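query_30.cif (mmCIF, C-alpha atoms; chains and numbers go by the auth columns)
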data_protein
loop_
_atom_site.group_PDB
_atom_site.id
_atom_site.type_symbol
_atom_site.label_atom_id
_atom_site.label_comp_id
_atom_site.label_asym_id
_atom_site.label_seq_id
_atom_site.Cartn_x
_atom_site.Cartn_y
_atom_site.Cartn_z
_atom_site.B_iso_or_equiv
_atom_site.auth_seq_id
_atom_site.auth_asym_id
ATOM 1 C CA MET A 1 0.000 0.000 0.000 0.00 1 G
ATOM 2 C CA ARG A 2 1.307 3.393 -0.922 0.00 2 G
ATOM 3 C CA HIS A 3 1.142 6.102 1.731 0.00 3 G
ATOM 4 C CA THR A 4 -1.437 8.872 1.403 0.00 4 G
ATOM 5 C CA ARG A 5 -0.718 12.297 -0.106 0.00 5 G
ATOM 6 C CA PRO A 6 2.336 14.103 1.350 0.00 6 G
ATOM 7 C CA VAL A 7 2.811 17.849 1.813 0.00 7 G
ATOM 8 C CA LEU A 8 5.128 18.084 -1.216 0.00 8 G
ATOM 9 C CA ASP A 9 3.751 17.475 -4.685 0.00 9 G
ATOM 10 C CA LYS A 10 5.264 15.407 -7.493 0.00 10 G
ATOM 11 C CA SER A 11 7.221 18.383 -8.803 0.00 11 G
ATOM 12 C CA TYR A 12 9.710 17.737 -5.951 0.00 12 G
ATOM 13 C CA CYS A 13 12.174 14.904 -5.525 0.00 13 G
ATOM 14 C CA TYR A 14 11.533 13.571 -2.022 0.00 14 G
ATOM 15 C CA GLY A 15 12.614 9.913 -1.970 0.00 15 G
ATOM 16 C CA SER A 16 14.064 9.228 1.465 0.00 16 G
ATOM 17 C CA LEU A 17 13.366 12.740 2.730 0.00 17 G
ATOM 18 C CA ASP A 18 11.150 12.357 5.799 0.00 18 G
ATOM 19 C CA ILE A 19 8.240 14.656 4.969 0.00 19 G
ATOM 20 C CA GLU A 20 4.837 14.959 6.563 0.00 20 G
ATOM 21 C CA LEU A 21 1.499 13.991 5.108 0.00 21 G
ATOM 22 C CA ALA A 22 -0.980 16.531 3.745 0.00 22 G
ATOM 23 C CA GLU A 23 -3.634 18.101 5.958 0.00 23 G
ATOM 24 C CA SER A 24 -6.129 15.755 4.330 0.00 24 G
ATOM 25 C CA PHE A 25 -4.492 12.751 6.055 0.00 25 G
ATOM 26 C CA GLU A 26 -7.451 11.816 8.263 0.00 26 G
ATOM 27 C CA THR A 27 -9.878 11.773 5.330 0.00 27 G
ATOM 28 C CA ASP A 28 -7.350 10.066 3.049 0.00 28 G
ATOM 29 C CA ALA A 29 -6.544 7.421 5.667 0.00 29 G
ATOM 30 C CA LYS A 30 -10.212 6.600 6.311 0.00 30 G
ATOM 31 C CA ARG A 31 -10.793 6.139 2.596 0.00 31 G
ATOM 32 C CA ALA A 32 -7.635 4.036 2.132 0.00 32 G
ATOM 33 C CA THR A 33 -8.406 1.836 5.134 0.00 33 G
ATOM 34 C CA THR A 34 -11.665 0.639 3.592 0.00 34 G
ATOM 35 C CA SER A 35 -9.698 -1.246 0.910 0.00 35 G
ATOM 36 C CA VAL A 36 -7.389 -3.067 3.351 0.00 36 G
ATOM 37 C CA PRO A 37 -8.162 -6.798 3.450 0.00 37 G
ATOM 38 C CA ASP A 38 -7.722 -8.926 6.556 0.00 38 G
ATOM 39 C CA VAL A 39 -4.020 -9.161 7.312 0.00 39 G
ATOM 40 C CA THR A 40 -1.916 -10.893 9.920 0.00 40 G
ATOM 41 C CA ARG A 41 0.749 -8.217 10.182 0.00 41 G
ATOM 42 C CA ILE A 42 1.542 -4.673 9.129 0.00 42 G
ATOM 43 C CA VAL A 43 5.047 -3.632 8.159 0.00 43 G
ATOM 44 C CA THR A 44 6.108 -0.160 7.138 0.00 44 G
ATOM 45 C CA SER A 45 8.865 2.049 5.911 0.00 45 G
ATOM 46 C CA PRO A 46 10.336 4.098 8.765 0.00 46 G
ATOM 47 C CA LEU A 47 9.483 7.332 6.943 0.00 47 G
ATOM 48 C CA MET A 48 6.721 9.312 8.627 0.00 48 G
ATOM 49 C CA ARG A 49 4.451 9.430 5.567 0.00 49 G
ATOM 50 C CA ALA A 50 4.225 5.626 5.461 0.00 50 G
ATOM 51 C CA ARG A 51 4.521 4.976 9.190 0.00 51 G
ATOM 52 C CA GLN A 52 1.636 7.301 10.069 0.00 52 G
ATOM 53 C CA LEU A 53 -0.748 5.468 7.728 0.00 53 G
ATOM 54 C CA ALA A 54 0.471 2.065 8.958 0.00 54 G
ATOM 55 C CA GLU A 55 -0.156 3.099 12.581 0.00 55 G
ATOM 56 C CA TYR A 56 -3.609 4.420 11.693 0.00 56 G
ATOM 57 C CA ILE A 57 -4.572 1.102 10.086 0.00 57 G
ATOM 58 C CA ALA A 58 -2.942 -0.915 12.872 0.00 58 G
ATOM 59 C CA THR A 59 -4.928 0.946 15.520 0.00 59 G
ATOM 60 C CA ALA A 60 -8.183 0.279 13.660 0.00 60 G
ATOM 61 C CA ARG A 61 -7.274 -3.411 13.213 0.00 61 G
ATOM 62 C CA ARG A 62 -5.704 -3.902 16.660 0.00 62 G
ATOM 63 C CA LEU A 63 -2.411 -5.001 15.150 0.00 63 G
ATOM 64 C CA ASN A 64 1.184 -4.039 15.809 0.00 64 G
ATOM 65 C CA VAL A 65 3.376 -2.281 13.289 0.00 65 G
ATOM 66 C CA THR A 66 6.860 -3.486 12.413 0.00 66 G
ATOM 67 C CA ILE A 67 9.261 -0.974 10.890 0.00 67 G
ATOM 68 C CA ASP A 68 11.372 -2.409 8.079 0.00 68 G
ATOM 69 C CA THR A 69 14.113 -0.142 6.737 0.00 69 G
ATOM 70 C CA ARG A 70 14.182 -2.179 3.523 0.00 70 G
ATOM 71 C CA LEU A 71 10.851 -0.531 2.620 0.00 71 G
ATOM 72 C CA VAL A 72 12.172 3.039 2.688 0.00 72 G
ATOM 73 C CA GLU A 73 11.921 5.020 -0.536 0.00 73 G
ATOM 74 C CA MET A 74 14.990 5.420 -2.753 0.00 74 G
ATOM 75 C CA ASP A 75 17.731 7.706 -1.460 0.00 75 G
ATOM 76 C CA PHE A 76 18.150 10.413 -4.099 0.00 76 G
ATOM 77 C CA GLY A 77 21.141 11.984 -2.332 0.00 77 G
ATOM 78 C CA SER A 78 21.712 15.596 -3.403 0.00 78 G
ATOM 79 C CA TRP A 79 18.396 15.663 -5.281 0.00 79 G
ATOM 80 C CA GLU A 80 16.323 15.223 -2.107 0.00 80 G
ATOM 81 C CA GLY A 81 13.866 18.067 -1.498 0.00 81 G
ATOM 82 C CA ARG A 82 14.685 19.830 -4.762 0.00 82 G
ATOM 83 C CA PRO A 83 12.227 20.575 -7.535 0.00 83 G
ATOM 84 C CA TRP A 84 12.829 18.154 -10.401 0.00 84 G
ATOM 85 C CA SER A 85 13.120 21.204 -12.664 0.00 85 G
ATOM 86 C CA ASP A 86 16.172 22.413 -10.665 0.00 86 G
ATOM 87 C CA ILE A 87 18.136 19.181 -11.094 0.00 87 G
ATOM 88 C CA PRO A 88 20.839 19.633 -13.748 0.00 88 G
ATOM 89 C CA ARG A 89 19.852 18.095 -17.067 0.00 89 G
ATOM 90 C CA ASN A 90 23.225 16.339 -17.409 0.00 90 G
ATOM 91 C CA GLU A 91 22.597 14.509 -14.106 0.00 91 G
ATOM 92 C CA LEU A 92 19.146 13.366 -15.218 0.00 92 G
ATOM 93 C CA ASP A 93 20.606 12.281 -18.559 0.00 93 G
ATOM 94 C CA ALA A 94 23.353 10.291 -16.788 0.00 94 G
ATOM 95 C CA TRP A 95 20.692 8.519 -14.730 0.00 95 G
ATOM 96 C CA ALA A 96 18.607 7.767 -17.814 0.00 96 G
ATOM 97 C CA ALA A 97 21.654 6.452 -19.684 0.00 97 G
ATOM 98 C CA ASP A 98 22.405 3.883 -16.951 0.00 98 G
ATOM 99 C CA PHE A 99 19.051 3.663 -15.183 0.00 99 G
ATOM 100 C CA LEU A 100 19.844 0.639 -13.030 0.00 100 G
ATOM 101 C CA ASP A 101 23.314 1.564 -11.775 0.00 101 G
ATOM 102 C CA ALA A 102 23.896 5.307 -12.178 0.00 102 G
ATOM 103 C CA ARG A 103 23.872 7.512 -9.119 0.00 103 G
ATOM 104 C CA PRO A 104 24.682 11.046 -10.236 0.00 104 G
ATOM 105 C CA HIS A 105 22.844 12.278 -7.131 0.00 105 G
ATOM 106 C CA GLY A 106 25.198 10.384 -4.790 0.00 106 G
ATOM 107 C CA GLY A 107 22.344 8.382 -3.264 0.00 107 G
ATOM 108 C CA GLU A 108 21.543 4.758 -4.000 0.00 108 G
ATOM 109 C CA THR A 109 21.076 3.023 -7.320 0.00 109 G
ATOM 110 C CA VAL A 110 17.834 1.613 -8.639 0.00 110 G
ATOM 111 C CA ARG A 111 19.447 -1.842 -8.541 0.00 111 G
ATOM 112 C CA VAL A 112 20.110 -1.511 -4.788 0.00 112 G
ATOM 113 C CA LEU A 113 16.547 -0.289 -4.241 0.00 113 G
ATOM 114 C CA ARG A 114 15.140 -3.266 -6.137 0.00 114 G
ATOM 115 C CA GLU A 115 17.316 -5.824 -4.346 0.00 115 G
ATOM 116 C CA ARG A 116 16.393 -4.656 -0.838 0.00 116 G
ATOM 117 C CA CYS A 117 12.676 -4.243 -1.609 0.00 117 G
ATOM 118 C CA GLN A 118 12.312 -7.608 -3.326 0.00 118 G
ATOM 119 C CA ALA A 119 14.224 -9.289 -0.479 0.00 119 G
ATOM 120 C CA ALA A 120 11.769 -7.837 2.034 0.00 120 G
ATOM 121 C CA VAL A 121 8.737 -9.078 0.104 0.00 121 G
ATOM 122 C CA ARG A 122 10.238 -12.549 -0.318 0.00 122 G
ATOM 123 C CA ASP A 123 10.860 -12.714 3.442 0.00 123 G
ATOM 124 C CA TYR A 124 7.270 -11.737 4.273 0.00 124 G
ATOM 125 C CA ALA A 125 5.901 -14.193 1.710 0.00 125 G
ATOM 126 C CA LYS A 126 7.548 -17.039 3.667 0.00 126 G
ATOM 127 C CA GLN A 127 5.597 -16.159 6.816 0.00 127 G
ATOM 128 C CA PRO A 128 2.111 -17.501 7.510 0.00 128 G
ATOM 129 C CA GLY A 129 -0.797 -15.175 6.862 0.00 129 G
ATOM 130 C CA ASP A 130 -0.972 -11.993 4.832 0.00 130 G
ATOM 131 C CA THR A 131 1.232 -8.950 5.314 0.00 131 G
ATOM 132 C CA LEU A 132 0.316 -5.353 4.557 0.00 132 G
ATOM 133 C CA ALA A 133 3.426 -3.357 3.628 0.00 133 G
ATOM 134 C CA VAL A 134 2.844 0.402 3.792 0.00 134 G
ATOM 135 C CA CYS A 135 5.513 2.022 1.689 0.00 135 G
ATOM 136 C CA HIS A 136 6.216 4.236 -1.330 0.00 136 G
ATOM 137 C CA ALA A 137 5.666 4.333 -5.097 0.00 137 G
ATOM 138 C CA GLY A 138 9.339 3.663 -5.840 0.00 138 G
ATOM 139 C CA VAL A 139 9.317 0.656 -3.529 0.00 139 G
ATOM 140 C CA VAL A 140 6.210 -0.737 -5.242 0.00 140 G
ATOM 141 C CA ARG A 141 7.764 -0.191 -8.663 0.00 141 G
ATOM 142 C CA ALA A 142 10.961 -1.943 -7.539 0.00 142 G
ATOM 143 C CA ILE A 143 9.014 -4.905 -6.129 0.00 143 G
ATOM 144 C CA PHE A 144 7.011 -5.383 -9.320 0.00 144 G
ATOM 145 C CA SER A 145 9.819 -4.698 -11.802 0.00 145 G
ATOM 146 C CA LYS A 146 10.606 -7.554 -14.135 0.00 146 G
ATOM 147 C CA GLY A 147 13.448 -5.991 -16.114 0.00 147 G
ATOM 148 C CA ASP A 148 16.235 -3.458 -16.011 0.00 148 G
ATOM 149 C CA THR A 149 14.888 -0.468 -17.944 0.00 149 G
ATOM 150 C CA SER A 150 12.949 2.528 -16.698 0.00 150 G
ATOM 151 C CA GLN A 151 9.858 1.109 -18.465 0.00 151 G
ATOM 152 C CA ASP A 152 10.128 -1.947 -16.198 0.00 152 G
ATOM 153 C CA PHE A 153 9.770 0.389 -13.211 0.00 153 G
ATOM 154 C CA SER A 154 6.655 2.174 -14.415 0.00 154 G
ATOM 155 C CA LYS A 155 3.994 0.439 -12.299 0.00 155 G
ATOM 156 C CA SER A 156 1.338 2.998 -11.474 0.00 156 G
ATOM 157 C CA ILE A 157 0.107 3.282 -7.884 0.00 157 G
ATOM 158 C CA ASP A 158 -2.003 6.077 -6.447 0.00 158 G
ATOM 159 C CA TYR A 159 -1.767 7.470 -2.946 0.00 159 G
ATOM 160 C CA GLY A 160 -3.460 5.056 -0.529 0.00 160 G
ATOM 161 C CA GLN A 161 -3.790 2.316 -3.163 0.00 161 G
ATOM 162 C CA ILE A 162 -3.155 -1.370 -2.480 0.00 162 G
ATOM 163 C CA ILE A 163 -1.628 -3.740 -5.007 0.00 163 G
ATOM 164 C CA ARG A 164 -1.447 -7.456 -4.232 0.00 164 G
ATOM 165 C CA TRP A 165 1.847 -9.284 -4.675 0.00 165 G
ATOM 166 C CA PRO A 166 2.178 -11.386 -6.590 0.00 166 G
ATOM 167 C CA GLU A 167 -0.398 -9.980 -8.975 0.00 167 G
#

What's the structure tokens form of this structure?
Amino acid sequence: MRHTRPVLDKSYCYGSLDIELAESFETDAKRATTSVPDVTRIVTSPLMRARQLAEYIATARRLNVTIDTRLVEMDFGSWEGRPWSDIPRNELDAWAADFLDARPHGGETVRVLRERCQAAVRDYAKQPGDTLAVCHAGVVRAIFSKGDTSQDFSKSIDYGQIIRWPE
């Protein structure tokens, strides 16, 4: 499940930046919670925007929340908190040229993101019962990616949306 709407919009790069949720959180969380199936456990990224939704759902379901750092959004290094339009074109081009392994921002690579996220999901899949992972769009894209190009990481997920794994 992707977290609900944050205070920054999509014009900003805010991967691992720990930002708050929008003022509409309570309404957004109520709406998102209605689509949550019965689960045995709830795990979440440590970032506030995911953790707050996980705790909201856990309280309603009388479950505990486990924080899993493997579910944190991609670390965009020097790009964090900057408008995408302010990021130098040559840096974006370098990333596009080597999508899986480039890190012109100094943060982590897409390959590292994918490896840690897919490892987390595989671990939870081995446990009995169903797990709800509250995380981020990049994490969801990494989990569902089946190749090494940017098109393989294009899974669409709205704020507060749940996608079952495997599909």

Would you translate the PyMOL selection byres ((chain G and resi 63) around 10) into the concrete set of residues it matches in this file, as a ChimeraX atom specification?
/G:39-42,54-55,57-62,64-66

Just the selected residues (C-alpha atoms), exported as a compact mmCIF listing (two decimals), in the frame of the given file, please.
# COMPACT_ATOMS: atom_id res chain seq x y z
CA VAL G 39 -4.02 -9.16 7.31
CA THR G 40 -1.92 -10.89 9.92
CA ARG G 41 0.75 -8.22 10.18
CA ILE G 42 1.54 -4.67 9.13
CA ALA G 54 0.47 2.06 8.96
CA GLU G 55 -0.16 3.10 12.58
CA ILE G 57 -4.57 1.10 10.09
CA ALA G 58 -2.94 -0.92 12.87
CA THR G 59 -4.93 0.95 15.52
CA ALA G 60 -8.18 0.28 13.66
CA ARG G 61 -7.27 -3.41 13.21
CA ARG G 62 -5.70 -3.90 16.66
CA ASN G 64 1.18 -4.04 15.81
CA VAL G 65 3.38 -2.28 13.29
CA THR G 66 6.86 -3.49 12.41

Here is a test: counting only C-alpha atoms, which residue of G:Ser154, G:Ser35, G:Ser78, G:Thr4 is nearest to Glu108 (chain G)?
G:Ser78

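Each of G:Asp38, G:Asp68, G:Asp93, G:Asp86 was compared to Thr131 (chain G) using only C-alpha atoms, and G:Asp38 turns out to be the nearest.
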
If the PyMOL selection byres ((chain G and resi 163) around 12) were run on this exact file, what residues would it hold? Put them as a PyMOL selection string.
chain G and resi 1-2+35-37+131-137+139-141+143-144+155-162+164-167

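Of the listed residues (G:Met48, G:Gly138, G:Arg111, G:Val43), G:Met48 comes nearest to Pro6 (chain G); the distances count all atoms listed in the file.
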
Give me, as an mmCIF file with C-alpha atoms, in the frame of the given file, all polymer residues having an atom no more than 12 Å from Thr69 (chain G), counting only C-alpha atoms and skipping those fewer than 4 positions away in the same chain.
data_model
loop_
_atom_site.group_PDB
_atom_site.id
_atom_site.type_symbol
_atom_site.label_atom_id
_atom_site.label_comp_id
_atom_site.auth_asym_id
_atom_site.auth_seq_id
_atom_site.Cartn_x
_atom_site.Cartn_y
_atom_site.Cartn_z
ATOM 1 C CA SER G 16 14.064 9.228 1.465
ATOM 2 C CA VAL G 43 5.047 -3.632 8.159
ATOM 3 C CA THR G 44 6.108 -0.160 7.138
ATOM 4 C CA SER G 45 8.865 2.049 5.911
ATOM 5 C CA PRO G 46 10.336 4.098 8.765
ATOM 6 C CA LEU G 47 9.483 7.332 6.943
ATOM 7 C CA ALA G 50 4.225 5.626 5.461
ATOM 8 C CA ARG G 51 4.521 4.976 9.190
ATOM 9 C CA GLU G 73 11.921 5.020 -0.536
ATOM 10 C CA MET G 74 14.990 5.420 -2.753
ATOM 11 C CA ASP G 75 17.731 7.706 -1.460
ATOM 12 C CA LEU G 113 16.547 -0.289 -4.241
ATOM 13 C CA ARG G 116 16.393 -4.656 -0.838
ATOM 14 C CA CYS G 117 12.676 -4.243 -1.609
ATOM 15 C CA ALA G 119 14.224 -9.289 -0.479
ATOM 16 C CA ALA G 120 11.769 -7.837 2.034
ATOM 17 C CA ALA G 133 3.426 -3.357 3.628
ATOM 18 C CA VAL G 134 2.844 0.402 3.792
ATOM 19 C CA CYS G 135 5.513 2.022 1.689
ATOM 20 C CA VAL G 139 9.317 0.656 -3.529
#

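Put simply, CA of Arg103 (chain G) is 12.1 Å away from CA of Asn90 (chain G).
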
Compute the distance from (11.6, 14.2, 2.2) to each atom, counting all atoms listed in the file, keep the residues with any atom at most 10 Å away, and return them as an NGL selection string; use the coordinates of the file.
:G and (6-8 or 12-20 or 47-49 or 73 or 75-76 or 80-82)

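Our summary of the geometry notes that CA of Thr34 (chain G) is positioned 16.4 Å from CA of Arg5 (chain G).
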
Quick one: residues within 12 Å of Asp101 (chain G), only C-alpha atoms, excluding same-chain residues fewer than 3 positions away - as a list of chain:residue names?
G:Ala94, G:Trp95, G:Ala96, G:Ala97, G:Asp98, G:Pro104, G:His105, G:Gly106, G:Gly107, G:Glu108, G:Thr109, G:Val110, G:Arg111, G:Val112, G:Leu113, G:Arg114, G:Asp148, G:Thr149, G:Ser150

Please give the centre and size of the box around region 10-20 of chain G (axis-aligned, containing every atom listed in the file, 5 Å added per side), with values in Å to one decimal and written as JSON.
{"center_x": 9.5, "center_y": 13.8, "center_z": -1.1, "size_x": 19.2, "size_y": 19.2, "size_z": 25.4}

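Minimum atom-to-atom distance to Ala22 (chain G), evaluated using only C-alpha atoms, belongs to G:Asp9 out of G:Asp130, G:Asp123, G:Asp9, G:Glu91.
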
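The shortest atom-to-atom distance to Phe25 (chain G), with all atoms listed in the file taken into account, belongs to G:Gln52 out of G:Gln52, G:Val72, G:Arg122, G:Lys10.
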
Separation of CA of Ser11 (chain G) from CA of Ile87 (chain G) in Å
11.2 Å

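Proximity of G:Leu92, G:Val121, G:Tyr56, G:Lys146 to Thr27 (chain G), computed with all atoms listed in the file, is greatest for G:Tyr56.
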
Because some atoms of region 9-32 of chain G are absent here, can you restore N, CA, C and O atoms and send them as a compact mmCIF listing (two decimals), keeping the file's coordinate frame?
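This went into part-v4.txt:
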# COMPACT_ATOMS: atom_id res chain seq x y z
N ASP G 9 4.36 18.09 -3.51
CA ASP G 9 3.75 17.48 -4.68
C ASP G 9 4.81 16.82 -5.56
O ASP G 9 6.01 16.88 -5.27
N LYS G 10 4.37 16.20 -6.66
CA LYS G 10 5.26 15.41 -7.49
C LYS G 10 6.28 16.24 -8.26
O LYS G 10 7.15 15.68 -8.91
N SER G 11 6.21 17.55 -8.15
CA SER G 11 7.22 18.38 -8.80
C SER G 11 8.54 18.40 -8.01
O SER G 11 9.54 18.91 -8.49
N TYR G 12 8.52 17.81 -6.80
CA TYR G 12 9.71 17.74 -5.95
C TYR G 12 10.24 16.30 -5.88
O TYR G 12 9.46 15.35 -5.88
N CYS G 13 11.53 16.19 -5.78
CA CYS G 13 12.17 14.90 -5.52
C CYS G 13 12.24 14.74 -4.01
O CYS G 13 12.87 15.53 -3.31
N TYR G 14 11.55 13.75 -3.48
CA TYR G 14 11.53 13.57 -2.02
C TYR G 14 11.64 12.10 -1.62
O TYR G 14 11.01 11.67 -0.68
N GLY G 15 12.45 11.33 -2.29
CA GLY G 15 12.61 9.91 -1.97
C GLY G 15 12.70 9.60 -0.49
O GLY G 15 11.69 9.39 0.18
N SER G 16 13.89 9.61 0.06
CA SER G 16 14.06 9.23 1.46
C SER G 16 13.95 10.42 2.42
O SER G 16 14.16 10.26 3.62
N LEU G 17 13.61 11.57 1.89
CA LEU G 17 13.37 12.74 2.73
C LEU G 17 12.14 12.46 3.59
O LEU G 17 11.10 12.03 3.09
N ASP G 18 12.24 12.69 4.89
CA ASP G 18 11.15 12.36 5.80
C ASP G 18 10.19 13.53 5.90
O ASP G 18 10.34 14.40 6.75
N ILE G 19 9.20 13.55 5.02
CA ILE G 19 8.24 14.66 4.97
C ILE G 19 6.91 14.22 5.57
O ILE G 19 6.61 13.04 5.65
N GLU G 20 6.14 15.22 5.96
CA GLU G 20 4.84 14.96 6.56
C GLU G 20 3.78 14.69 5.51
O GLU G 20 3.97 14.96 4.33
N LEU G 21 2.66 14.21 5.98
CA LEU G 21 1.50 13.99 5.11
C LEU G 21 0.68 15.28 5.01
O LEU G 21 0.76 16.16 5.87
N ALA G 22 -0.12 15.37 3.98
CA ALA G 22 -0.98 16.53 3.74
C ALA G 22 -2.01 16.67 4.86
O ALA G 22 -2.30 15.70 5.59
N GLU G 23 -2.60 17.84 4.96
CA GLU G 23 -3.63 18.10 5.96
C GLU G 23 -4.84 17.19 5.78
O GLU G 23 -5.61 16.99 6.73
N SER G 24 -5.00 16.64 4.62
CA SER G 24 -6.13 15.76 4.33
C SER G 24 -5.90 14.33 4.85
O SER G 24 -6.69 13.44 4.54
N PHE G 25 -4.85 14.11 5.64
CA PHE G 25 -4.49 12.75 6.06
C PHE G 25 -5.66 11.97 6.65
O PHE G 25 -5.91 10.83 6.27
N GLU G 26 -6.37 12.54 7.58
CA GLU G 26 -7.45 11.82 8.26
C GLU G 26 -8.49 11.31 7.25
O GLU G 26 -8.87 10.14 7.28
N THR G 27 -8.91 12.16 6.37
CA THR G 27 -9.88 11.77 5.33
C THR G 27 -9.27 10.74 4.39
O THR G 27 -9.90 9.73 4.06
N ASP G 28 -8.04 10.99 3.96
CA ASP G 28 -7.35 10.07 3.05
C ASP G 28 -7.16 8.70 3.70
O ASP G 28 -7.36 7.66 3.05
N ALA G 29 -6.79 8.69 4.96
CA ALA G 29 -6.54 7.42 5.67
C ALA G 29 -7.83 6.62 5.84
O ALA G 29 -7.83 5.40 5.67
N LYS G 30 -8.92 7.30 6.18
CA LYS G 30 -10.21 6.60 6.31
C LYS G 30 -10.60 5.94 5.00
O LYS G 30 -11.02 4.79 4.98
N ARG G 31 -10.44 6.67 3.91
CA ARG G 31 -10.79 6.14 2.60
C ARG G 31 -9.88 4.96 2.24
O ARG G 31 -10.34 3.92 1.79
N ALA G 32 -8.59 5.10 2.46
CA ALA G 32 -7.64 4.04 2.13
C ALA G 32 -7.87 2.79 2.98
O ALA G 32 -7.74 1.66 2.49
